[in-house]
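Let me begin by presenting the structure, written as structure tokens, before commenting on it.
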Amino acid sequence: MTKAPEKPSSTEKLSNARASMPIQDRQKLNELENQEWLDSLAFVMADAGDVRAAELLENLDHYAYFHGAPIQFKQNTPYINTIDVEHQPVYPGDIALELKMRNAIRWNAVAMVIRANKASDGIGGHLATYASSAELLEVGFNHFFRGHGAGASRDLIFFQGHASPGVYARSFLEGRLDEGRMNRFRRELSKDGEGLSSYPHPWLMPDYWEFPTVSMGLGPLQAIYQARFIKYLENRGLKEPGNSKVWAFLGDGEMDEPQSIGALRFAAYENLDNIVFVLNANLQRLDGPVRANSKVIQEFEALFRGAGWNVLKVVWDGKWDELLSKDYNGTIVKRFELLVDGESQRYAAFGGKELREKFFNTPELQALIDGWSDADLELLNRGGHDVNKIYAAYKAATEHTGSPTVVIARTIKGYGLGESAQARNVAHQVKKLDFGALKDLRDALKLPLNDDQVEHLEYYHPGADSPEVKYALERRAALGGAVPARVVDYVRPTVPGPEFYEEYAKGSGGRAVSTTMAMVQVISKLLRDKELGKLIVPIVPDEARTFGMDALVPRIGIYSPRGMTYTPVDSGSLMAYKESKDGQMLEEGITEDGAMASFIAAGTAYANHGVPTIPFYVYYSMFGMQRIGDLVWAAGDQRTKGFMVGATAGRTTLAGEGLQHQDGNSMLQAYVVPNLKVYDPAFAYEIAVIVEEGIREMYTEDQDVFYYVTVENENYVQPAMPHFDDPEKRAAVVSGIMKGMYRLLHGDVGAATASVKGKKAALLRAQLLASGPSMVAAQEAVELLKGYGVATDLWSVTSYKALHQDAVLTQRENMLHPAAQPKESFVAHQLSRENAPGVIVSVSDYVKLGADGLNGHIDRKIWTLGTDGYGRSEAREELRDFFEVDAKHIVVATLYALLRDGALEAGVVQKAITDFGIDPERLAPVFR
């Protein structure tokens with residue numbers, strides 16, 4: 001910044017002279033000076049242009065700052081439209097024809113929802129949101145939203161979820177949806193065909209919706225990371241460069257969700273000029289005003305400008321321009337600044353009379369509307385309902401470069417729905433309109449429907465050959481085809497065969513390795529694959545070093561659109577930090593939400609861009625399901641593919657970290673996502689099999705599933721895969737790994753020495769089920785049990801969810817075919833008395849309920865050990881004793897199971913408790 005000129009020496013004298021003036025003279029002088037400065041600025045703008053005027057103002061600002069003038073920092077511009085009428089482009093469409101289209105769509109959206117609620121009272125649906133956003137959407141549909149035919153420049157659109165009836169109604173006008181489907185709104189299980197889902201759901205309508213958006217807050221966050229992933233694909237050469245935009249339509253109430261604003265600064269830092277937020281500021285949330293006592297639009301402007309966004313406000317419609325053009329003293333603008341949203345809602349609800357009495361409440365304001373009737377005042381509308389204003393903002397947004405843009409449009413919730421809904425606090429909940437309100441709506445929309453048609457809620461379609469429909473289809477054709485539309489078309493990648501996991505099948509050769517490191521090695525090997533390598537997207541939320549992934553950084557680089565503009569402090573070292581424009585790793589910083597949004601973007605690229613990228617999102621397992629569970633659910637809805645890797649998993653494997661970090665819950669939390677496959681492997685070869693088979697299932701077979709795999713940081717020797725050299729038996733092991741369990745070890749069947757209730761010694765048998773980090777203790781328990789005459793088979797259970805789902809499906813099959821020979825589930829067969837004699841005990845590093853779910857699906861009880869309760873800051877051995885999942889507790893549980901099975905006397909169990917020093921009176925860990 002250049003040095004400001006010195007303050008004139010006469011300034012102090014002039015200031016003293018002004019202070020001595022009578023107050024009336026001082027006010028007149030101030031007004032004269034104000035006018036002189038404004039006249040000077042007006043001359044510069046007329047003679048040299050707006051840019052020069054802005055330059056002068058900036059110089060004045062610097063001067064004032066240098067000399068201590070108390071200038072208040074402002075993040076807001078005046079409460080008027082950002083683009084004035086003089087800079088407003090000519091609207092390119094047929095305004096009259098588009099109005100007819102909007103009117104038809106508005107009616108059909110209302111008719112569809114009310115029909116649904118008449119057929120099934122309480123089925124729900126929303127009228128007010130689309131009513132407020134119809135113009136915002138239609139300007140986009142007719143002039144901006146590019147479909148799949150636009151190729152690399154097609155747009156991704158996050159529709160405001162509650163506005164879905166209007167999107168369906170437009171598809172009806174276009175002929176994409178017939179009347180039958182419209183009548184099945186929210187009735188997807190009807191026998192006469194497919195219905196329409198309540199909100200945007202790709203899982204329910206996989207050829208139509210692309211992004212679920214009604215879990216509010218997730219749409220804005222995901223939109224930002226989708227926009228960033230487009231840049232990532234282009235910079236890495238995986239996608240042809242284009243001019244695509246990500247449009248996100250949001251509600252003003254939605255912005256209170258932390259996720260809505262959590263990535264705003266990130267979008268600006270990444271220079272995401274390919275994203276446009278359209279914020280529908282109808283000033284109302286579900287129950288009432290968003291900010292009744294202030295102006296939420298001004299709040300949003302400050303928020304977005306402060307975050308580095310380009311902000312375009314669309315506040316007032318063209319009718320206000322008539323008043324502004326003759327308001328030489330800025331009287332209306334000053335009145336705008338005094339408005340609060342609660343007051344604005346009254347004007348929208350009560351109309352012209354209220355506006356005359358309460359808004360135009362000074363002689364100066366009243367003079368501006370001299371000769372205007374209340375009907376004239378009714379025409380003073382909000383900018384979000386003026387297609388000219390909206391088009392100007394959208395055009396400016398799509399032409400802006402260097403930063404993201406938000407269009408904040410002021411609308412009326414329930415616009416046009418009459419006194420029962422428009423701008424009322426109850427607008428969001430309105431599902432029905434009475435006959436009178438429907439007739440008023442029909443008349444306002446100027447639709448050729450008679451009263452009988454109105455009463456029966458008939459849809460209005462002007463006909464396939466009508467000017468409206470032809471225009472709609474022509475505009476969509478010019479923009480690349482139908483929107484919304486989900487199209488899956490990608491080249492299936494070649495998946496490595498068994499040779500891929502051969503090195504892992506050989507074991508670690510006596511070297512202690514954690515399964516986290518094994519997973520990183522698998523990812524590293526995939527990155528070297530000639531075909532798959534470029535498609536692998538490693539994602540971490542700032543824990544690459546913790547997970548041993550730092551070795552990947554200098555090799556593949558961390559993605560940064562800026563490249564590396566500095567020399568890192570570890571430059572020259574083998575593990576030097578490396579950022580690059582074509583970097584492959586997404587290192588997201590401390591934001592699990594952001595990293596998960598990246599996972600979704602990468603895992604849906606096969607559908608969104610025809611590029612089957614394979615994300616591996618590696619994170620602290622405890623900071624996964626319980627923190628980002630809503631995003632995981634959204635990932636399932638979007639048919640995301642990829643691997644979520646919960647590292648340092650398990651309640652006891654992460655020594656010293658305490659209850660905030662130690663994960664014993666994620667297996668159960670992951671269970672509830674229907675298409676999420678859940679695995680808790682214990683060995684490196686299991687991980688390799690799961691990854692290889694998972695890639696085949698997701699990307700070659702195109703199954704709509706994704707994977708959650710837990711790995712831990714405890715080092716132990718990784719064994720060889722059983723029967724790797726025998727193709728048939730190896731195939732059985734691979735099948736068992738994927739189905740959920742396989743026998744790792746047959747028990748020693750040597751002579752038993754324990755007594756059986758005083759009778760002759762007999763052989764004691766047990767089946768021990770272990771998974772993940774509990775496997776080491778289970779292996780030790782197998783040896784200890786030999787001392788009690790128990791021959792124990794050890795099973796590796798890789799997925800209790802897979803076992804339970806198969807058992808539930810088998811039970812259902814048998815129930816619905818009672819006369820047929822009952823089928824046997826996989827787990828029931830594996831653990832049948834014939835195949836696996838003796839008692840069954842399971843141990844895992846997770847809550848007991850996971851394994852308990854199998855009880856009732858096999859021919860006897862499973863006795864479960866798990867880690868219910870909070871963690872502790874302790875070493876592993878003490879933690880496992882505390883949670884009663886170490887080898888000695890496994891032994892006691894097995895002996896007790898044998899006691900209850902009638903194979904042992906109580907004294908044997910009691911002796912084991914005493915020998916191991918277990919305190920039977922201590923409080924269970926779940927209660928402390």
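Identifiers for the structure tokens are assigned positionally: chains receive A, B, ... in sequence, residues are indexed from 1 per chain, and ligands are indexed from 1 in the order shown.
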
### Expected answer as a PyMOL selection string: strand (DSSP E) residues in region 769-873 of chain A
chain A and resi 769-770+790-797+839-843+862-865

Output the selection as a PDB file, in the first residue's frame - N, CA and C atoms for each residue.
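Final output, saved to result38.pdb:
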```pdb
ATOM      1  N   LEU A 769     -15.540 -67.724  18.106  1.00  0.00           N
ATOM      2  CA  LEU A 769     -15.668 -66.782  16.994  1.00  0.00           C
ATOM      3  C   LEU A 769     -14.939 -65.490  17.361  1.00  0.00           C
ATOM      4  N   ALA A 770     -14.009 -65.074  16.522  1.00  0.00           N
ATOM      5  CA  ALA A 770     -13.237 -63.854  16.795  1.00  0.00           C
ATOM      6  C   ALA A 770     -13.098 -63.039  15.526  1.00  0.00           C
ATOM      7  N   VAL A 790     -10.337 -78.628  26.755  1.00  0.00           N
ATOM      8  CA  VAL A 790     -11.294 -78.146  25.765  1.00  0.00           C
ATOM      9  C   VAL A 790     -10.602 -78.016  24.411  1.00  0.00           C
ATOM     10  N   ALA A 791     -11.105 -78.738  23.433  1.00  0.00           N
ATOM     11  CA  ALA A 791     -10.620 -78.617  22.057  1.00  0.00           C
ATOM     12  C   ALA A 791     -11.448 -77.526  21.369  1.00  0.00           C
ATOM     13  N   THR A 792     -10.794 -76.503  20.906  1.00  0.00           N
ATOM     14  CA  THR A 792     -11.501 -75.320  20.412  1.00  0.00           C
ATOM     15  C   THR A 792     -11.227 -75.075  18.941  1.00  0.00           C
ATOM     16  N   ASP A 793     -12.301 -74.977  18.157  1.00  0.00           N
ATOM     17  CA  ASP A 793     -12.190 -74.513  16.775  1.00  0.00           C
ATOM     18  C   ASP A 793     -12.217 -72.988  16.786  1.00  0.00           C
ATOM     19  N   LEU A 794     -11.304 -72.384  16.051  1.00  0.00           N
ATOM     20  CA  LEU A 794     -11.255 -70.925  15.983  1.00  0.00           C
ATOM     21  C   LEU A 794     -11.761 -70.464  14.616  1.00  0.00           C
ATOM     22  N   TRP A 795     -12.747 -69.577  14.655  1.00  0.00           N
ATOM     23  CA  TRP A 795     -13.339 -69.036  13.430  1.00  0.00           C
ATOM     24  C   TRP A 795     -12.999 -67.553  13.298  1.00  0.00           C
ATOM     25  N   SER A 796     -12.678 -67.146  12.113  1.00  0.00           N
ATOM     26  CA  SER A 796     -12.529 -65.718  11.839  1.00  0.00           C
ATOM     27  C   SER A 796     -13.861 -65.215  11.291  1.00  0.00           C
ATOM     28  N   VAL A 797     -14.478 -64.330  12.048  1.00  0.00           N
ATOM     29  CA  VAL A 797     -15.747 -63.732  11.617  1.00  0.00           C
ATOM     30  C   VAL A 797     -15.432 -62.357  11.038  1.00  0.00           C
ATOM     31  N   VAL A 839     -19.996 -75.856  22.528  1.00  0.00           N
ATOM     32  CA  VAL A 839     -20.552 -74.534  22.817  1.00  0.00           C
ATOM     33  C   VAL A 839     -19.950 -73.495  21.865  1.00  0.00           C
ATOM     34  N   ILE A 840     -20.640 -72.360  21.763  1.00  0.00           N
ATOM     35  CA  ILE A 840     -20.178 -71.292  20.877  1.00  0.00           C
ATOM     36  C   ILE A 840     -19.990 -70.025  21.692  1.00  0.00           C
ATOM     37  N   VAL A 841     -18.804 -69.444  21.567  1.00  0.00           N
ATOM     38  CA  VAL A 841     -18.472 -68.199  22.264  1.00  0.00           C
ATOM     39  C   VAL A 841     -17.902 -67.223  21.225  1.00  0.00           C
ATOM     40  N   SER A 842     -18.391 -65.999  21.265  1.00  0.00           N
ATOM     41  CA  SER A 842     -17.836 -64.986  20.362  1.00  0.00           C
ATOM     42  C   SER A 842     -17.154 -63.890  21.166  1.00  0.00           C
ATOM     43  N   VAL A 843     -16.121 -63.316  20.580  1.00  0.00           N
ATOM     44  CA  VAL A 843     -15.435 -62.185  21.194  1.00  0.00           C
ATOM     45  C   VAL A 843     -15.124 -61.167  20.108  1.00  0.00           C
ATOM     46  N   ILE A 862     -25.275 -68.442  21.311  1.00  0.00           N
ATOM     47  CA  ILE A 862     -23.925 -67.893  21.232  1.00  0.00           C
ATOM     48  C   ILE A 862     -23.705 -67.051  22.481  1.00  0.00           C
ATOM     49  N   TRP A 863     -22.631 -67.346  23.180  1.00  0.00           N
ATOM     50  CA  TRP A 863     -22.254 -66.568  24.350  1.00  0.00           C
ATOM     51  C   TRP A 863     -21.306 -65.461  23.886  1.00  0.00           C
ATOM     52  N   THR A 864     -21.667 -64.214  24.146  1.00  0.00           N
ATOM     53  CA  THR A 864     -20.928 -63.107  23.536  1.00  0.00           C
ATOM     54  C   THR A 864     -20.105 -62.321  24.548  1.00  0.00           C
ATOM     55  N   LEU A 865     -18.940 -61.936  24.102  1.00  0.00           N
ATOM     56  CA  LEU A 865     -18.082 -61.005  24.827  1.00  0.00           C
ATOM     57  C   LEU A 865     -17.867 -59.788  23.924  1.00  0.00           C
TER      58      LEU A 865
END
```

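Nearest residue to Asp582 (chain A), choosing from A:Glu135, A:Glu234, A:Asp121, A:Glu783 and counting only C-alpha atoms: A:Glu234.
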
Once you count only C-alpha atoms, what closest atom pair and distance in Å to one decimal does each residue of region 281-339 of chain A within 12 Å of region 86-100 of chain A have, with rows by chain and rising residue number, as JSON lines?
```
{"residue": "A:Val314", "atom": "CA", "partner": "A:Gln88", "partner_atom": "CA", "distance": 11.7}
{"residue": "A:Gly318", "atom": "CA", "partner": "A:Gln88", "partner_atom": "CA", "distance": 10.5}
{"residue": "A:Asp321", "atom": "CA", "partner": "A:Glu86", "partner_atom": "CA", "distance": 10.1}
{"residue": "A:Ser325", "atom": "CA", "partner": "A:Glu86", "partner_atom": "CA", "distance": 10.6}
```

### Who sits within 6 Å of region 475-487 of chain A, only C-alpha atoms, same chain under 3 positions skipped, as a PyMOL selection string
chain A and resi 142+146-150+207-210+472

Those residues with N, CA and C atoms, as an mmCIF file, in the first residue's frame please?
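The file below, out04.cif, is the result:
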```cif
data_model
loop_
_atom_site.group_PDB
_atom_site.id
_atom_site.type_symbol
_atom_site.label_atom_id
_atom_site.label_comp_id
_atom_site.auth_asym_id
_atom_site.auth_seq_id
_atom_site.Cartn_x
_atom_site.Cartn_y
_atom_site.Cartn_z
ATOM 1 N N ASN A 142 -35.070 -23.157 -18.271
ATOM 2 C CA ASN A 142 -35.223 -22.642 -19.631
ATOM 3 C C ASN A 142 -33.952 -22.046 -20.227
ATOM 4 N N ARG A 146 -27.721 -27.292 -17.865
ATOM 5 C CA ARG A 146 -27.303 -28.101 -19.006
ATOM 6 C C ARG A 146 -27.370 -29.586 -18.655
ATOM 7 N N GLY A 147 -27.982 -30.347 -19.549
ATOM 8 C CA GLY A 147 -28.170 -31.773 -19.338
ATOM 9 C C GLY A 147 -27.020 -32.606 -19.864
ATOM 10 N N HIS A 148 -27.222 -33.926 -19.889
ATOM 11 C CA HIS A 148 -26.158 -34.854 -20.257
ATOM 12 C C HIS A 148 -25.670 -34.632 -21.686
ATOM 13 N N GLY A 149 -26.526 -34.107 -22.544
ATOM 14 C CA GLY A 149 -26.114 -33.862 -23.915
ATOM 15 C C GLY A 149 -25.059 -32.782 -24.050
ATOM 16 N N ALA A 150 -24.839 -32.018 -22.982
ATOM 17 C CA ALA A 150 -23.807 -30.974 -23.010
ATOM 18 C C ALA A 150 -22.415 -31.540 -22.787
ATOM 19 N N ASP A 207 -33.112 -43.404 -12.107
ATOM 20 C CA ASP A 207 -32.961 -42.816 -13.442
ATOM 21 C C ASP A 207 -33.329 -41.340 -13.459
ATOM 22 N N TYR A 208 -33.671 -40.806 -12.310
ATOM 23 C CA TYR A 208 -34.211 -39.444 -12.260
ATOM 24 C C TYR A 208 -33.369 -38.552 -11.342
ATOM 25 N N TRP A 209 -33.471 -38.775 -10.054
ATOM 26 C CA TRP A 209 -32.747 -37.926 -9.108
ATOM 27 C C TRP A 209 -31.270 -38.287 -9.043
ATOM 28 N N GLU A 210 -30.436 -37.283 -8.810
ATOM 29 C CA GLU A 210 -29.001 -37.509 -8.653
ATOM 30 C C GLU A 210 -28.513 -37.296 -7.224
ATOM 31 N N ALA A 472 -40.870 -25.653 -24.049
ATOM 32 C CA ALA A 472 -40.146 -26.313 -22.956
ATOM 33 C C ALA A 472 -39.169 -27.345 -23.505
#
```

### Task
Compile the contact shell of Ile261 (chain A) as a ChimeraX atom specification: residues with an atom at most 9 Å away, counting only C-alpha atoms, same-chain residues fewer than 3 positions apart removed.
/A:217,220-221,255-258,264-265,303-304

Shell of 10 Å around His456 (chain A), only C-alpha atoms, local chain residues under 3 positions omitted, as a short mmCIF file (atom, residue, chain, number, x, y, z; two decimals) with N, CA and C atoms, in the first residue's frame:
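Contents of the output file selection_19.cif:
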```cif
data_model
loop_
_atom_site.label_atom_id
_atom_site.label_comp_id
_atom_site.auth_asym_id
_atom_site.auth_seq_id
_atom_site.Cartn_x
_atom_site.Cartn_y
_atom_site.Cartn_z
N ALA A 111 -52.06 -29.65 -7.40
CA ALA A 111 -53.04 -30.72 -7.60
C ALA A 111 -52.47 -32.07 -7.19
N ARG A 115 -54.20 -34.12 -4.24
CA ARG A 115 -54.74 -35.43 -4.64
C ARG A 115 -54.19 -36.54 -3.74
N PHE A 435 -61.96 -25.50 -1.69
CA PHE A 435 -62.45 -25.29 -3.06
C PHE A 435 -62.34 -23.82 -3.47
N ASP A 451 -65.13 -25.23 -12.99
CA ASP A 451 -65.22 -25.48 -11.55
C ASP A 451 -65.21 -26.96 -11.23
N ASP A 452 -65.85 -27.77 -12.07
CA ASP A 452 -65.88 -29.21 -11.83
C ASP A 452 -64.47 -29.79 -11.92
N GLN A 453 -63.70 -29.33 -12.89
CA GLN A 453 -62.32 -29.79 -13.03
C GLN A 453 -61.48 -29.36 -11.84
N TYR A 459 -55.44 -32.40 -13.53
CA TYR A 459 -54.20 -31.79 -13.99
C TYR A 459 -54.48 -30.98 -15.26
#
```

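Once region 597-600 of chain A and its same-chain neighbours fewer than 2 positions away are set aside, A:Leu221, A:Gln222, A:Tyr225, A:Gln226, A:Phe229, A:Ile539, A:Leu586, A:Asp593, A:Gly594, A:Ala595, A:Ala602, A:Gly603, A:Thr604, A:Pro615, A:Phe616, A:Tyr617, A:Leu631, A:Ala635, A:Thr640, A:Lys641, A:Gly642 remain within 8 Å of it when counting only C-alpha atoms.
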
Suppose we keep C-alpha atoms; can you now write the selection as a tab-separated table (two decimals), in the first residue's frame?
```
chain	number	residue	atom	x	y	z
A	221	LEU	CA	-21.68	-29.16	1.79
A	222	GLN	CA	-21.82	-31.87	-0.85
A	225	TYR	CA	-17.11	-30.89	-2.76
A	226	GLN	CA	-18.75	-32.04	-5.99
A	229	PHE	CA	-14.06	-32.92	-7.52
A	539	ILE	CA	-8.81	-39.49	1.11
A	586	LEU	CA	-7.25	-35.59	-1.09
A	593	ASP	CA	-17.71	-33.96	7.06
A	594	GLY	CA	-15.62	-32.52	4.24
A	595	ALA	CA	-13.69	-35.74	3.74
A	602	ALA	CA	-15.47	-39.61	-5.82
A	603	GLY	CA	-17.79	-42.56	-5.24
A	604	THR	CA	-20.51	-41.14	-7.50
A	615	PRO	CA	-12.22	-43.74	-3.19
A	616	PHE	CA	-10.49	-45.06	-0.09
A	617	TYR	CA	-11.47	-42.78	2.76
A	631	LEU	CA	-23.62	-38.27	5.30
A	635	ALA	CA	-23.94	-41.85	0.40
A	640	THR	CA	-21.98	-44.25	-3.81
A	641	LYS	CA	-19.21	-46.78	-4.39
A	642	GLY	CA	-15.90	-47.10	-2.58
```

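Across the structure, CA of Ser573 (chain A) and CA of Lys231 (chain A) are spaced 29.6 Å apart.
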
### Query
Which residue gives the smallest distance to Ser260 (chain A) among A:Leu744, A:Leu433, A:Ile558, A:Leu279, with only C-alpha atoms counted?
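Going through A:Leu744, A:Leu433, A:Ile558, A:Leu279 one by one, the smallest distance to Ser260 (chain A) is for A:Leu279.
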
Mind dumping a table of every region 532-584 of chain A residue within 12 Å of region 693-715 of chain A, with the nearest atom pair and its distance in Å to one decimal, using only C-alpha atoms, sorted by chain and rising number, as CSV?
```
residue,atom,partner,partner_atom,distance
A:Leu532,CA,A:Ile695,CA,10.0
A:Leu535,CA,A:Tyr699,CA,11.2
A:Ile536,CA,A:Ile695,CA,10.8
A:Thr546,CA,A:Asn713,CA,9.3
A:Phe547,CA,A:Asn713,CA,8.1
A:Gly548,CA,A:Asn713,CA,9.9
```

### Message
Restricting the calculation to only C-alpha atoms: of A:His67, A:Lys413, A:His609, A:Lys245, which residue gets closest to Asp287 (chain A)?
### Response
A:Lys413

### Task
Could you pull out the residues in region 200-347 of chain A that DSSP calls helix (DSSP H, G or I) from the backbone, as number ranges by chain?
A: 218-235, 253-256, 258-261, 264-269, 296-306, 318-325, 331-338, 341-347

What would the file look like if the residues just selected were written as a CSV table (one decimal), in the first residue's frame with C-alpha atoms?
```
chain,number,residue,atom,x,y,z
A,218,LEU,CA,-25.9,-31.8,3.6
A,219,GLY,CA,-26.7,-30.4,0.1
A,220,PRO,CA,-24.6,-27.2,0.4
A,221,LEU,CA,-21.7,-29.2,1.8
A,222,GLN,CA,-21.8,-31.9,-0.8
A,223,ALA,CA,-22.3,-29.4,-3.7
A,224,ILE,CA,-19.1,-27.7,-2.8
A,225,TYR,CA,-17.1,-30.9,-2.8
A,226,GLN,CA,-18.8,-32.0,-6.0
A,227,ALA,CA,-17.6,-28.8,-7.6
A,228,ARG,CA,-14.1,-29.3,-6.3
A,229,PHE,CA,-14.1,-32.9,-7.5
A,230,ILE,CA,-14.9,-31.7,-11.0
A,231,LYS,CA,-11.7,-29.6,-10.9
A,232,TYR,CA,-9.8,-32.5,-9.5
A,233,LEU,CA,-10.9,-34.8,-12.3
A,234,GLU,CA,-10.0,-32.2,-14.9
A,235,ASN,CA,-6.7,-31.3,-13.4
A,253,GLY,CA,-33.7,-21.6,7.2
A,254,GLU,CA,-31.4,-24.4,6.0
A,255,MET,CA,-28.5,-22.1,6.5
A,256,ASP,CA,-28.7,-22.5,10.2
A,258,PRO,CA,-23.6,-26.0,10.6
A,259,GLN,CA,-22.9,-28.2,7.5
A,260,SER,CA,-24.6,-25.5,5.3
A,261,ILE,CA,-21.9,-23.0,6.0
A,264,LEU,CA,-17.9,-21.8,2.5
A,265,ARG,CA,-14.3,-20.6,3.1
A,266,PHE,CA,-13.0,-23.9,1.6
A,267,ALA,CA,-14.9,-23.1,-1.6
A,268,ALA,CA,-13.4,-19.7,-1.9
A,269,TYR,CA,-9.9,-21.0,-1.1
A,296,VAL,CA,-31.6,-12.5,6.9
A,297,ILE,CA,-30.5,-11.6,3.4
A,298,GLN,CA,-28.1,-9.0,4.8
A,299,GLU,CA,-26.9,-11.6,7.3
A,300,PHE,CA,-26.2,-14.0,4.5
A,301,GLU,CA,-24.5,-11.3,2.4
A,302,ALA,CA,-22.1,-10.6,5.2
A,303,LEU,CA,-21.4,-14.3,5.8
A,304,PHE,CA,-20.7,-15.1,2.2
A,305,ARG,CA,-18.7,-12.0,1.4
A,306,GLY,CA,-16.7,-12.6,4.5
A,318,GLY,CA,-39.0,-4.4,-11.6
A,319,LYS,CA,-42.0,-2.6,-10.3
A,320,TRP,CA,-39.8,-1.0,-7.6
A,321,ASP,CA,-37.5,0.4,-10.2
A,322,GLU,CA,-40.3,2.9,-11.1
A,323,LEU,CA,-40.1,4.3,-7.6
A,324,LEU,CA,-36.3,4.1,-7.3
A,325,SER,CA,-35.9,6.0,-10.5
A,331,THR,CA,-35.6,7.9,0.7
A,332,ILE,CA,-36.8,4.4,-0.3
A,333,VAL,CA,-33.3,2.8,0.2
A,334,LYS,CA,-33.2,4.3,3.7
A,335,ARG,CA,-36.6,2.8,4.4
A,336,PHE,CA,-35.4,-0.5,3.1
A,337,GLU,CA,-32.6,-0.4,5.6
A,338,LEU,CA,-35.2,0.0,8.4
A,341,ASP,CA,-38.2,-9.6,8.1
A,342,GLY,CA,-41.1,-9.9,10.4
A,343,GLU,CA,-42.5,-6.6,9.0
A,344,SER,CA,-41.9,-7.8,5.4
A,345,GLN,CA,-43.9,-10.9,6.0
A,346,ARG,CA,-46.9,-8.8,7.0
A,347,TYR,CA,-46.8,-6.9,3.7
```

### Query
Do you have the CA of Gly308 (chain A)-CA of Gly402 (chain A) distance handy?
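Computing it gives 10.1 Å between the two atoms.
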
### Query
What separation in Å, quoted to one decimal, exists between CA of Ala720 (chain A) and CA of Val689 (chain A)?
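So the two atoms, CA of Ala720 (chain A) and CA of Val689 (chain A), lie 12.9 Å apart.
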
### Query
Taking into account only C-alpha atoms, which residue in the set A:Val909, A:Ala684, A:Ala605, A:Leu57 is nearest to Arg639 (chain A)?
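Looking at the shortest contact to Arg639 (chain A), the residue is A:Ala605.
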
If we count only C-alpha atoms, what is near Ile83 (chain A) at a cut-off of 12 Å, once residues fewer than 2 positions away on the same chain are taken out, given as a short mmCIF file (atom, residue, chain, number, x, y, z; two decimals) with C-alpha atoms, in the first residue's frame?
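Just written: around_39.cif:
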```
data_model
loop_
_atom_site.label_atom_id
_atom_site.label_comp_id
_atom_site.auth_asym_id
_atom_site.auth_seq_id
_atom_site.Cartn_x
_atom_site.Cartn_y
_atom_site.Cartn_z
CA THR A 77 -24.13 -3.41 0.55
CA PRO A 78 -27.45 -1.50 0.58
CA TYR A 79 -30.61 -3.59 0.79
CA ILE A 80 -31.28 -3.40 -2.95
CA ASN A 81 -30.48 -5.50 -5.99
CA VAL A 85 -31.79 -1.94 -13.94
CA GLU A 86 -29.33 -0.12 -16.19
CA HIS A 87 -27.00 -3.12 -16.23
CA GLN A 88 -29.76 -5.68 -16.55
CA PRO A 89 -29.42 -7.76 -19.75
CA VAL A 311 -22.64 -12.18 -3.71
CA LEU A 312 -25.54 -11.23 -5.96
CA LYS A 313 -28.70 -10.03 -4.23
CA VAL A 314 -32.07 -10.17 -5.97
CA VAL A 315 -34.25 -8.29 -3.50
CA TRP A 316 -36.85 -6.21 -5.35
CA ASP A 317 -38.72 -6.78 -8.60
CA GLY A 318 -38.95 -4.42 -11.59
CA ASP A 321 -37.53 0.38 -10.24
CA GLY A 383 -37.05 -9.95 -6.78
CA ASN A 388 -35.70 -10.50 -15.56
CA LYS A 389 -33.92 -9.97 -12.26
CA ILE A 390 -33.24 -13.68 -11.82
CA TYR A 391 -31.84 -14.04 -15.33
CA ALA A 392 -29.52 -11.09 -14.79
CA ALA A 393 -28.17 -12.65 -11.58
CA TYR A 394 -27.76 -16.13 -13.09
CA LYS A 395 -25.99 -14.73 -16.14
CA ALA A 396 -23.61 -12.76 -13.95
CA ALA A 397 -23.04 -15.81 -11.76
CA VAL A 407 -27.47 -15.60 -5.59
#
```

### Query
In terms of the shortest atom-to-atom distance over only C-alpha atoms, which of A:Val276, A:Pro674, A:Phe916, A:Glu884 is closest to Asp155 (chain A)?
A:Val276

### Task
May I ask which of the residues A:Ala69, A:Leu173, A:Ala163, A:Val469 is the closest one to Tyr199 (chain A), counting only C-alpha atoms?
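Comparing A:Ala69, A:Leu173, A:Ala163, A:Val469 against Tyr199 (chain A), the winner is A:Ala163.
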